[in-house]
Each structure stands twice: as C-alpha cells, then as structure tokens.
>>> print(open('input-v2.cif').read())   # mmCIF, C-alpha atoms
data_structure
#
loop_
_atom_site.label_atom_id
_atom_site.label_comp_id
_atom_site.auth_asym_id
_atom_site.auth_seq_id
_atom_site.Cartn_x
_atom_site.Cartn_y
_atom_site.Cartn_z
CA MET A 40 32.95 20.62 -51.36
CA ALA A 41 32.04 19.39 -47.90
CA LYS A 42 34.38 19.89 -45.00
CA VAL A 43 34.77 17.19 -42.36
CA ILE A 44 35.58 18.54 -38.91
CA VAL A 45 36.65 16.26 -36.06
CA VAL A 46 36.17 17.45 -32.49
CA THR A 47 38.83 15.61 -30.54
CA SER A 48 40.95 15.80 -27.38
CA GLY A 49 42.40 12.51 -26.24
CA LYS A 50 41.29 13.14 -22.68
CA GLY A 51 37.69 12.59 -21.63
CA GLY A 52 35.41 15.13 -19.99
CA VAL A 53 37.00 18.22 -21.49
CA GLY A 54 33.92 19.26 -23.48
CA LYS A 55 34.07 17.47 -26.83
CA THR A 56 30.35 16.72 -27.10
CA THR A 57 29.39 20.18 -25.83
CA THR A 58 31.72 21.65 -28.45
CA ALA A 59 30.54 19.40 -31.29
CA ALA A 60 26.92 20.32 -30.51
CA ALA A 61 27.70 24.05 -30.27
CA VAL A 62 29.87 24.20 -33.38
CA ALA A 63 27.43 22.23 -35.54
CA THR A 64 24.54 24.40 -34.35
CA GLY A 65 26.55 27.57 -34.97
CA LEU A 66 27.44 26.52 -38.51
CA ALA A 67 23.82 25.66 -39.30
CA MET A 68 22.67 28.99 -37.81
CA ARG A 69 24.90 30.66 -40.40
CA GLY A 70 22.99 28.86 -43.13
CA HIS A 71 25.34 25.96 -43.79
CA LYS A 72 23.78 22.54 -44.11
CA THR A 73 25.46 20.64 -41.28
CA VAL A 74 25.35 17.18 -39.74
CA VAL A 75 26.86 16.25 -36.40
CA ILE A 76 27.84 12.59 -35.93
CA ASP A 77 28.43 10.73 -32.69
CA PHE A 78 31.46 8.40 -33.00
CA ASP A 79 31.33 7.28 -29.38
CA VAL A 80 29.88 3.82 -30.03
CA GLY A 81 28.47 2.26 -26.89
CA LEU A 82 28.35 5.53 -24.98
CA ARG A 83 25.85 7.55 -26.95
CA ASN A 84 25.43 11.05 -25.54
CA LEU A 85 25.29 13.55 -28.36
CA ASP A 86 21.55 12.84 -28.65
CA LEU A 87 21.04 14.00 -25.05
CA VAL A 88 23.15 17.13 -25.46
CA MET A 89 21.24 17.97 -28.65
CA GLY A 90 17.91 17.17 -26.98
CA CYS A 91 16.75 14.58 -29.51
CA GLU A 92 17.19 11.38 -27.46
CA ARG A 93 13.57 10.37 -27.87
CA ARG A 94 13.66 10.65 -31.62
CA VAL A 95 16.43 8.11 -32.24
CA VAL A 96 15.15 5.24 -34.38
CA PHE A 97 18.11 4.10 -36.44
CA ASP A 98 21.78 4.79 -35.79
CA PHE A 99 25.25 4.90 -37.34
CA ILE A 100 25.80 1.14 -36.96
CA ASN A 101 22.41 0.34 -38.54
CA VAL A 102 23.45 2.38 -41.57
CA ILE A 103 26.90 0.77 -41.74
CA ASN A 104 25.32 -2.68 -41.60
CA GLY A 105 22.76 -1.75 -44.24
CA ASP A 106 19.77 -2.20 -41.89
CA ALA A 107 18.69 1.38 -42.57
CA ASN A 108 19.59 4.09 -45.01
CA LEU A 109 21.04 7.46 -44.16
CA GLN A 110 17.77 9.35 -44.62
CA GLN A 111 16.07 7.08 -42.07
CA ALA A 112 18.78 7.59 -39.46
CA LEU A 113 19.38 11.33 -39.72
CA ILE A 114 17.41 13.40 -37.20
CA ARG A 115 16.37 16.82 -38.31
CA ASP A 116 16.81 19.45 -35.60
CA LYS A 117 13.52 21.11 -34.62
CA ARG A 118 15.08 24.48 -33.75
CA ILE A 119 17.62 25.11 -36.48
CA ASP A 120 16.96 24.64 -40.15
CA LYS A 121 19.73 22.77 -42.01
CA LEU A 122 20.95 21.02 -38.84
CA TYR A 123 20.93 17.22 -38.63
CA ILE A 124 21.99 14.81 -35.90
CA PHE A 125 23.38 11.37 -36.66
CA PRO A 126 23.29 9.32 -33.44
CA THR A 127 25.49 6.36 -32.70
CA SER A 128 24.58 2.93 -31.41
CA GLN A 129 24.59 1.58 -27.87
CA THR A 130 26.24 -1.67 -28.96
CA ARG A 131 29.11 -2.96 -26.87
CA ASP A 132 30.93 -4.18 -29.95
CA LYS A 133 33.79 -1.70 -30.17
CA GLU A 134 34.79 -2.75 -33.66
CA ALA A 135 31.31 -2.06 -35.03
CA LEU A 136 32.63 0.98 -36.92
CA LYS A 137 33.90 -1.02 -39.86
CA ARG A 138 36.35 0.80 -42.09
CA GLU A 139 34.54 0.31 -45.42
CA GLY A 140 31.15 1.07 -43.90
CA VAL A 141 32.35 4.33 -42.38
CA ASP A 142 34.07 5.29 -45.66
CA ARG A 143 30.82 4.75 -47.54
CA VAL A 144 28.73 6.76 -45.05
CA MET A 145 31.24 9.62 -44.98
CA ASN A 146 31.31 9.80 -48.77
CA GLU A 147 27.53 9.96 -48.85
CA LEU A 148 27.46 12.71 -46.21
CA ARG A 149 30.08 14.71 -48.09
CA LYS A 150 27.71 14.82 -51.05
CA ASP A 151 24.74 16.05 -49.02
CA PHE A 152 26.25 18.45 -46.52
CA GLU A 153 28.51 21.47 -46.32
CA TYR A 154 29.90 20.53 -42.92
CA VAL A 155 30.22 17.13 -41.30
CA VAL A 156 31.09 17.51 -37.61
CA CYS A 157 32.46 14.32 -36.00
CA ASP A 158 32.22 14.06 -32.22
CA SER A 159 35.14 11.81 -31.26
CA PRO A 160 35.20 9.50 -28.25
CA ALA A 161 37.97 9.98 -25.69
CA GLY A 162 41.13 7.90 -25.88
CA ILE A 163 43.21 6.75 -28.83
CA GLU A 164 41.38 3.52 -29.58
CA HIS A 165 39.50 2.45 -32.69
CA GLY A 166 36.58 4.88 -32.29
CA ALA A 167 38.78 7.94 -31.85
CA MET A 168 41.04 6.92 -34.74
CA THR A 169 38.01 6.35 -37.00
CA ALA A 170 36.62 9.77 -36.06
CA LEU A 171 39.82 11.61 -36.95
CA TYR A 172 40.63 9.56 -40.04
CA HIS A 173 38.34 11.45 -42.46
CA ALA A 174 39.00 14.91 -41.03
CA ASP A 175 39.89 17.90 -43.18
CA SER A 176 39.93 20.06 -40.11
CA ALA A 177 40.32 19.32 -36.40
CA ILE A 178 39.11 21.20 -33.35
CA ILE A 179 41.35 20.15 -30.48
CA VAL A 180 39.45 20.70 -27.25
CA THR A 181 41.85 21.31 -24.37
CA ASN A 182 41.47 22.28 -20.72
CA PRO A 183 44.20 24.42 -19.18
CA GLU A 184 45.43 21.48 -17.16
CA VAL A 185 48.47 19.17 -17.49
CA SER A 186 46.82 15.88 -18.43
CA SER A 187 44.54 17.49 -21.00
CA VAL A 188 47.41 19.38 -22.66
CA ARG A 189 49.56 16.27 -22.81
CA ASP A 190 46.76 14.20 -24.35
CA SER A 191 46.04 16.95 -26.87
CA ASP A 192 49.67 16.85 -27.92
CA ARG A 193 49.36 13.12 -28.46
CA ILE A 194 46.24 13.59 -30.59
CA ILE A 195 47.97 16.29 -32.64
CA GLY A 196 50.66 13.70 -33.38
CA MET A 197 47.96 11.22 -34.46
CA LEU A 198 46.35 13.76 -36.79
CA ALA A 199 49.71 14.21 -38.48
CA SER A 200 50.39 10.50 -38.88
CA LYS A 201 47.15 8.49 -38.86
CA SER A 202 44.62 10.61 -40.74
CA ARG A 203 43.54 9.93 -44.31
CA ARG A 204 45.28 13.13 -45.36
CA ALA A 205 48.53 11.92 -43.80
CA GLU A 206 48.14 8.48 -45.37
CA LYS A 207 47.55 9.91 -48.83
CA ARG A 208 50.24 12.56 -48.36
CA GLU A 209 47.72 15.34 -48.99
CA LYS A 210 47.67 18.75 -47.35
CA PRO A 211 47.76 18.12 -43.58
CA VAL A 212 44.64 18.33 -41.41
CA GLU A 213 43.94 21.96 -40.48
CA GLU A 214 44.28 22.28 -36.70
CA HIS A 215 42.40 24.59 -34.34
CA LEU A 216 42.90 24.85 -30.61
CA LEU A 217 39.82 25.44 -28.47
CA LEU A 218 40.58 26.12 -24.85
CA THR A 219 37.59 25.20 -22.69
CA ARG A 220 36.71 25.54 -18.99
CA TYR A 221 39.01 28.55 -18.84
CA ALA A 222 38.95 30.52 -15.58
CA PRO A 223 40.59 33.94 -16.18
CA ARG A 224 40.56 34.71 -12.47
CA ARG A 225 42.60 31.65 -11.64
CA VAL A 226 44.97 32.34 -14.53
CA LYS A 227 45.57 35.81 -13.16
CA LYS A 228 46.44 34.32 -9.78
CA GLY A 229 48.93 31.97 -11.39
CA GLU A 230 46.87 28.92 -10.51
CA MET A 231 45.99 27.91 -14.04
CA LEU A 232 47.90 27.63 -17.33
CA SER A 233 47.21 30.71 -19.46
CA VAL A 234 46.07 30.80 -23.10
CA ASP A 235 49.58 31.84 -24.09
CA ASP A 236 51.13 28.96 -22.12
CA VAL A 237 48.94 26.39 -23.87
CA LYS A 238 49.44 28.00 -27.29
CA GLU A 239 53.18 27.98 -26.78
CA ILE A 240 53.28 24.35 -25.65
CA LEU A 241 51.02 22.94 -28.37
CA SER A 242 51.82 25.47 -31.13
CA VAL A 243 48.38 25.21 -32.72
CA PRO A 244 46.46 28.35 -33.79
CA LEU A 245 43.80 29.38 -31.29
CA LEU A 246 40.16 29.18 -32.41
CA GLY A 247 38.65 30.36 -29.16
CA ILE A 248 38.51 30.46 -25.41
CA ILE A 249 35.41 29.09 -23.71
CA PRO A 250 35.13 30.33 -20.14
CA GLU A 251 34.15 27.99 -17.34
CA SER A 252 30.43 28.62 -17.00
CA GLU A 253 27.52 27.23 -15.04
CA THR A 254 25.34 27.65 -18.10
CA VAL A 255 27.05 24.69 -19.80
CA LEU A 256 25.51 22.29 -17.29
CA LYS A 257 22.16 24.00 -17.62
CA ALA A 258 22.37 23.56 -21.39
CA SER A 259 23.08 19.83 -21.21
CA ASN A 260 20.43 19.41 -18.50
CA THR A 261 17.82 20.77 -20.87
CA GLY A 262 19.19 19.40 -24.14
CA VAL A 263 19.78 22.80 -25.72
CA PRO A 264 23.21 23.43 -27.29
CA VAL A 265 24.82 26.17 -25.18
CA ILE A 266 25.37 28.36 -28.25
CA LEU A 267 21.58 28.90 -28.35
CA ASP A 268 21.64 30.54 -24.89
CA PRO A 269 22.29 34.25 -25.48
CA GLU A 270 22.75 34.81 -21.75
CA SER A 271 25.61 32.33 -21.52
CA PRO A 272 29.22 33.58 -21.68
CA ALA A 273 30.22 30.12 -22.95
CA GLY A 274 27.53 30.35 -25.62
CA ARG A 275 28.82 33.72 -26.79
CA ALA A 276 32.36 32.38 -26.80
CA TYR A 277 31.26 29.46 -28.98
CA ASP A 278 29.55 31.88 -31.34
CA ASP A 279 32.85 33.77 -31.68
CA ALA A 280 34.72 30.53 -32.29
CA VAL A 281 32.32 29.46 -35.06
CA ALA A 282 32.56 32.93 -36.64
CA ARG A 283 36.35 32.64 -36.67
CA PHE A 284 36.09 29.15 -38.09
CA VAL A 285 34.23 30.44 -41.14
CA GLY A 286 36.73 33.27 -41.57
CA GLU A 287 35.26 36.20 -39.66
CA GLN A 288 37.51 38.38 -37.50
CA ARG A 289 36.47 38.43 -33.85
CA GLU A 290 38.49 39.74 -30.98
CA MET A 291 39.37 37.16 -28.29
CA ARG A 292 37.16 37.56 -25.25
CA PHE A 293 37.36 36.04 -21.77
CA VAL A 294 41.16 36.24 -21.72
CA MET A 295 41.17 38.46 -18.62
CA PRO A 296 38.77 38.44 -15.69
CA GLU A 297 35.69 40.54 -16.29
CA ARG A 298 35.86 43.85 -14.53
CA ARG A 299 33.21 44.11 -11.91
CA SER A 300 32.50 47.26 -10.01
CA PHE A 301 32.05 46.95 -6.27
CA LEU A 302 28.35 47.66 -6.51
CA ARG A 303 27.73 45.31 -9.43
CA GLY A 304 29.60 42.68 -7.51
CA TRP A 305 27.03 42.92 -4.77
CA PHE A 306 23.86 43.69 -6.64
CA GLY A 307 24.71 41.77 -9.78
CA ARG A 308 25.01 38.63 -7.70
CA ALA A 309 21.67 39.21 -6.02
CA ALA A 310 19.99 39.81 -9.37
CA SER A 311 21.37 36.79 -11.25
CA MET B 244 58.46 33.58 9.36
CA SER B 245 58.94 37.30 9.04
CA LEU B 246 56.17 39.79 9.60
CA PHE B 247 56.23 40.62 5.90
CA ASP B 248 55.57 37.02 4.93
CA PHE B 249 52.71 36.90 7.37
CA PHE B 250 50.89 39.82 5.80
CA PHE B 251 51.87 39.06 2.22
CA PRO B 252 51.94 35.30 1.87
CA LYS B 253 53.91 34.09 -1.14
CA ARG B 254 51.72 32.75 -3.84
CA THR B 255 53.03 29.56 -5.27
CA ALA B 256 52.40 30.03 -8.96
CA SER B 257 51.63 26.42 -9.72
CA ALA B 258 50.80 27.25 -13.35
CA SER B 259 54.44 27.95 -14.13
CA VAL B 260 55.39 24.61 -12.59
CA ALA B 261 52.79 22.94 -14.81
CA LYS B 262 54.16 24.65 -17.89
CA GLU B 263 57.73 23.65 -17.18
CA ARG B 264 56.81 20.04 -16.47
CA LEU B 265 54.75 19.83 -19.63
CA GLN B 266 57.51 21.27 -21.78
CA ILE B 267 59.99 18.70 -20.51
CA VAL B 268 57.74 15.68 -20.78
CA LEU B 269 56.43 16.65 -24.23
CA ALA B 270 59.90 17.28 -25.64
CA HIS B 271 60.75 13.73 -24.61
CA GLU B 272 57.55 12.21 -25.93
CA ARG B 273 57.69 14.02 -29.25
CA ALA B 274 61.23 12.76 -29.87
CA GLY B 275 60.10 9.19 -29.26
CA ARG B 276 57.01 9.59 -31.41
CA ASP B 277 58.90 10.35 -34.61
CA SER B 278 61.14 7.31 -34.38
CA PRO B 279 60.07 4.41 -36.55
CA ASP B 280 58.28 1.40 -35.05
CA PHE B 281 61.08 -1.02 -35.83
CA LEU B 282 63.69 0.48 -33.47
CA PRO B 283 62.79 -1.65 -30.44
CA ARG B 284 62.87 -4.81 -32.58
CA LEU B 285 66.18 -3.81 -34.14
CA GLN B 286 67.57 -3.24 -30.68
CA LYS B 287 66.43 -6.70 -29.56
CA GLU B 288 67.91 -8.44 -32.57
CA LEU B 289 71.19 -6.60 -32.24
CA LEU B 290 71.29 -7.59 -28.61
CA HIS B 291 70.80 -11.18 -29.67
CA VAL B 292 73.62 -11.04 -32.24
CA VAL B 293 76.10 -9.20 -30.04
CA GLY B 294 75.13 -11.43 -27.15
CA LYS B 295 76.38 -14.45 -29.11
CA TYR B 296 79.90 -13.10 -28.87
CA ILE B 297 80.05 -10.94 -25.78
CA ALA B 298 78.09 -11.29 -22.58
CA ILE B 299 76.11 -8.06 -22.37
CA ASP B 300 72.93 -6.90 -20.73
CA GLU B 301 69.88 -5.38 -22.36
CA ASP B 302 70.63 -1.87 -21.13
CA MET B 303 74.12 -1.86 -22.65
CA ILE B 304 72.85 -1.49 -26.17
CA ARG B 305 71.12 1.65 -27.35
CA VAL B 306 69.66 2.35 -30.78
CA THR B 307 68.56 5.86 -31.71
CA LEU B 308 67.61 7.58 -34.89
CA GLY B 309 68.87 11.15 -35.01
CA LYS B 310 69.08 13.91 -37.57
CA ALA B 311 72.24 15.48 -38.96
CA GLY B 312 71.30 18.15 -41.46
CA ALA B 313 69.32 16.59 -44.26
CA ALA B 314 70.32 13.03 -43.44
CA SER B 315 69.07 10.67 -40.76
CA VAL B 316 71.68 8.98 -38.62
CA LEU B 317 71.10 5.58 -37.12
CA GLU B 318 73.24 5.45 -34.02
CA ILE B 319 74.03 2.15 -32.35
CA ASN B 320 75.87 2.29 -29.08
CA VAL B 321 77.13 -0.88 -27.49
CA GLU B 322 78.66 -0.50 -24.11
CA ILE B 323 81.19 -3.21 -23.39
CA PRO B 324 82.17 -3.45 -19.76
CA LYS B 325 85.84 -3.77 -18.81
CA GLY B 326 87.02 -7.34 -18.81
CA ALA B 327 83.90 -8.56 -20.58
CA LYS B 328 83.92 -12.28 -21.07
CA ALA B 329 83.12 -13.97 -24.29
CA ALA B 330 79.61 -15.27 -24.13
CA GLY B 331 79.22 -18.77 -22.75
CA PRO B 332 78.02 -20.64 -25.84
CA MET B 333 81.02 -19.36 -27.86
CA LYS B 334 83.38 -21.48 -25.79
CA ALA B 335 81.42 -24.54 -26.68
CA VAL B 336 82.06 -23.99 -30.37
CA PRO B 337 84.94 -26.25 -31.38
CA ALA B 338 87.96 -24.43 -32.78
#
>>> encode(input="input-v2.cif", output="structure tokens")
Amino acid sequence: MAKVIVVTSGKGGVGKTTTAAAVATGLAMRGHKTVVIDFDVGLRNLDLVMGCERRVVFDFINVINGDANLQQALIRDKRIDKLYIFPTSQTRDKEALKREGVDRVMNELRKDFEYVVCDSPAGIEHGAMTALYHADSAIIVTNPEVSSVRDSDRIIGMLASKSRRAEKREKPVEEHLLLTRYAPRRVKKGEMLSVDDVKEILSVPLLGIIPESETVLKASNTGVPVILDPESPAGRAYDDAVARFVGEQREMRFVMPERRSFLRGWFGRAAS
Amino acid sequence: MSLFDFFFPKRTASASVAKERLQIVLAHERAGRDSPDFLPRLQKELLHVVGKYIAIDEDMIRVTLGKAGAASVLEINVEIPKGAKAAGPMKAVPA
C-alpha cells in the first residue's frame, strides 16, 4: 500500500522543497519506487531543485484537466532508478488544483508507487490544504525561529482537522518534525532555540536535525538533491532522517557543535 | 559598570525569551483553535437579543466553550453595568 507523505511548514523559505527533493531521492535510493509532486501551482521550483527543468513537457494541471496522462507528465530521474518527478504548472489560476482531479491523480499514483512525496506550498491557502489533504504522513519542516515554530504549530492543527484522515475519522496523520537550518554553535550560545525547546513546544516526534550548511545552496545551484552530496553535512543528515523514516535506528547528529582541534580549525579551513 | 561585567559581558540568552514567548502565544492560539466556528456568530446574535432589552456594548458579552471533566460547558457572561438603562426601542413599545 502506497504511503503519501506531505512536506509542509506553513512558513515559506524554511526548506520544504529541499527536503521534499532529498527525502524522495533518499527513499528511491533505498529501492522504493517514489514520486515527488510539486503542489506549488504558479511558483514551480521543484523541477529546478531536482535538476529536470528542461525536461518538463506536461504538468500536474494538464493531467487534472485531461490534456495529458500521468505517464506523459512524469519525469524519470536520470540518476536514481525508481525516482520520478511530477512538476506543477506555472498557471496563475490558484484554484487550478480541482478537488476531484487531484483525488483521481492521487489514487492513480497510489497504485503505481510505494511513496508519494507532496511538496506543499507555503501558507494555509488552497494549494497547501490540497497538499496535506491526502497525507498519511507529514514531515513538518521547521527552523529554530519564532515565526517558523508558530506557523508549524498552526499546520499541525490543520493536519488534525482538515486532512482526509481527520475528515473520515481514520487514524490521524503520522507527524514527523524536521528541524532545518540548525546552527549548534548558536544554540550553545543561547542565541537559537534548541532541538529540545522546539520538541517541547510542538510535541511532535523528531525525525532529524539538518544543520545549516553552505552545501544546500550549492546543491540547488546545480540541481542535485543535497542528499546525493556525500561531502555535505546536510546531505548526511537527510540520509539519517530518511533511514529513520523507514524504521532504521540512527543516532541524532549535529545536536552539538562539532569539535574542532586548534590545528584543524586553521588548516581545515585552508583546505576546504 | 563593574570591572567584572567589563571582562565578562552578560550574554542575553535570547533563545529562552523566544521559547517563553512562543509558549504563551501558542497556548492562547491552541485554545482558540479548538472552539467551534459558530461562537462568534452566537455571540453576535446574543448581543442582538440582549441589546433589545438592555443597552450593552459588544465587549460586555463573552461566549466561551470550556471543558469540565467529560462534558463541554458553554459559558455565556453578560456584564451589566450599574444603573443600566433599558434599551431605547423598548420604551417605544406600548404597554
């Protein structure tokens, strides 16, 4: 049975698309047939982050409107077997994600795939609500910062009241907290909310901590999901998070600042 | 400023301020989130009905839905100021 995962946050710019791309890639790397869908109609970006922007022919809205079928719109990833990208449209019509159309597409995807990863737009408007509606599982992407935590709390409330599972009074959507752009050094100085602070405030089980890392920008610059960069701390943290998602035990990393010897501090910097 | 403060400046741990502020604001927002959508409308209609008889302002009526054990309690508080006059239109009604 397929599992639908929504990557959501409420607030914009916290790393939803980066996370959706990394998680979908990580699941496919583990041999699960996975599709990642962009729900941000009008502001298509998942294609860029996945590096397939020049291969988009048909999109989500074309399929909903019956102008193309699913097989024509799905883009097969060139790096990872079993990974597919489903881009959205650039239309300005915000209501283009029609309820019945989305239902039909989601049901079709559930038949074909093991994991359906939905990249939600920011906000709590139609697009975001449509993205979370079908979710079996939610990855709540949060920055250790007041506005992001507050918006995450709001989204957690929405998952509990507006999802299909809530509507049908089924088992509630499984929630996972993913703390991104985490800076252990600043946490240690008392300048940034800690993992424990955020966990305590939101009371959602922690899936992972993604450290603030320059390699995330490099990854989006080049259109390679950061999880494919073995040199990247963020990439390794995403790999841990995906492993935990599928039930593996992995110790939390990047909670405390990395210890750096005096010499490595000097020479390590020169070498990197 | 003492010499000690000069050499060891106090670090304002802004993270703890953030945590406290979040806990307060979220406690408030979560309470409001669980209340049903009709409460504001109920409050307006009650205001209208009570206003027919007593001259009151909008902020003198408060409707909340609380919990007492297993049951929900709908609490309606109407504050009537001292020496409140009967509402104007009432006087016009012939006895």
>>> residues_around(input="input-v2.cif", residues="His173 (chain A)", least_positions_apart="4", cutoff="8 Å", atoms="all atoms listed in the file", output="PyMOL selection string")
chain A and resi 43+145+169+202-204
>>> residues_around(input="input-v2.cif", residues="Ala61 (chain A)", least_positions_apart="2", cutoff="10 Å", atoms="all atoms listed in the file", output="list in words")
Lys55, Thr56, Thr57, Thr58, Ala59, Ala63, Thr64, Gly65, Leu66, Ala67, Val75, Val88, Met89, Val263, Pro264, Val265, Ile266, Leu267, Ala273, Gly274, Tyr277, Asp278, Ala280 and Val281 of chain A
>>> resolve_selection(input="input-v2.cif", expression="the PyMOL selection byres ((chain A) within 10 of (chain B))", output="ChimeraX atom specification")
/A:183-186,188-190,192-193,196-197,200,225-233,236-237,239-241
>>> atom_distance(input="input-v2.cif", atom1="CA of Lys325 (chain B)", atom2="CA of Lys287 (chain B)")
22.4 Å
>>> residues_near_point(input="input-v2.cif", point="(43.4, 23.5, -35.6)", cutoff="12 Å", atoms="all atoms listed in the file", output="ChimeraX atom specification")
/A:44-48,174-181,191-192,194-195,198-199,211-218,238,241-247,280,283-284
>>> closest_residue(input="input-v2.cif", among="A:Gly70, A:Pro272, A:Gly162, A:Gly105", to="Gly51 (chain A)", atoms="all atoms listed in the file")
A:Gly162
>>> atom_distance(input="input-v2.cif", atom1="CA of Val141 (chain A)", atom2="CA of Asn101 (chain A)")
11.4 Å
>>> residues_around(input="input-v2.cif", residues="region 286-297 of chain A", least_positions_apart="4", cutoff="8 Å", atoms="all atoms listed in the file", output="ChimeraX atom specification")
/A:222-224,227,234,247-250,276,279,282
>>> atom_distance(input="input-v2.cif", atom1="CA of Gly275 (chain B)", atom2="CA of Gly309 (chain B)")
10.7 Å
>>> closest_residue(input="input-v2.cif", among="A:Arg220, A:Arg275, A:Tyr123, A:Val144", to="Ala107 (chain A)", atoms="all atoms listed in the file")
A:Val144
>>> closest_residue(input="input-v2.cif", among="B:Ile299, B:Leu290, B:Leu282, B:Ala274", to="Gly326 (chain B)", atoms="only C-alpha atoms")
B:Ile299
>>> resolve_selection(input="input-v2.cif", expression="the PyMOL selection byres ((chain B and resi 328) around 8)", output="list in words")
Ile297, Ala298, Gly326, Ala327, Ala329 and Ala330 of chain B
>>> write_last_selection(input="input-v2.cif", atoms="C-alpha atoms", output="short mmCIF file (atom, residue, chain, number, x, y, z; two decimals), in the coordinates of the input")
data_model
loop_
_atom_site.label_atom_id
_atom_site.label_comp_id
_atom_site.auth_asym_id
_atom_site.auth_seq_id
_atom_site.Cartn_x
_atom_site.Cartn_y
_atom_site.Cartn_z
CA ILE B 297 80.05 -10.94 -25.78
CA ALA B 298 78.09 -11.29 -22.58
CA GLY B 326 87.02 -7.34 -18.81
CA ALA B 327 83.90 -8.56 -20.58
CA ALA B 329 83.12 -13.97 -24.29
CA ALA B 330 79.61 -15.27 -24.13
#
>>> axis_aligned_box(input="input-v2.cif", around="region 303-319 of chain B", padding_each_side="3 Å", output="AutoDock Vina command-line options")
--center_x 70.9 --center_y 8.1 --center_z -33.5 --size_x 12.5 --size_y 26.0 --size_z 27.6
>>> residues_near_point(input="input-v2.cif", point="(69.4, 2.7, -37.7)", cutoff="10 Å", atoms="all atoms listed in the file", output="MDAnalysis selection string")
chainID B and resid 279 281:282 285:286 306:309 315:319
>>> closest_residue(input="input-v2.cif", among="A:Arg208, A:Lys117, A:Lys137, A:Arg149", to="Val74 (chain A)", atoms="only C-alpha atoms")
A:Arg149
>>> residues_around(input="input-v2.cif", residues="Leu136 (chain A)", least_positions_apart="6", cutoff="9 Å", atoms="all atoms listed in the file", output="PyMOL selection string")
chain A and resi 78+80+99-100+103+165-166+169
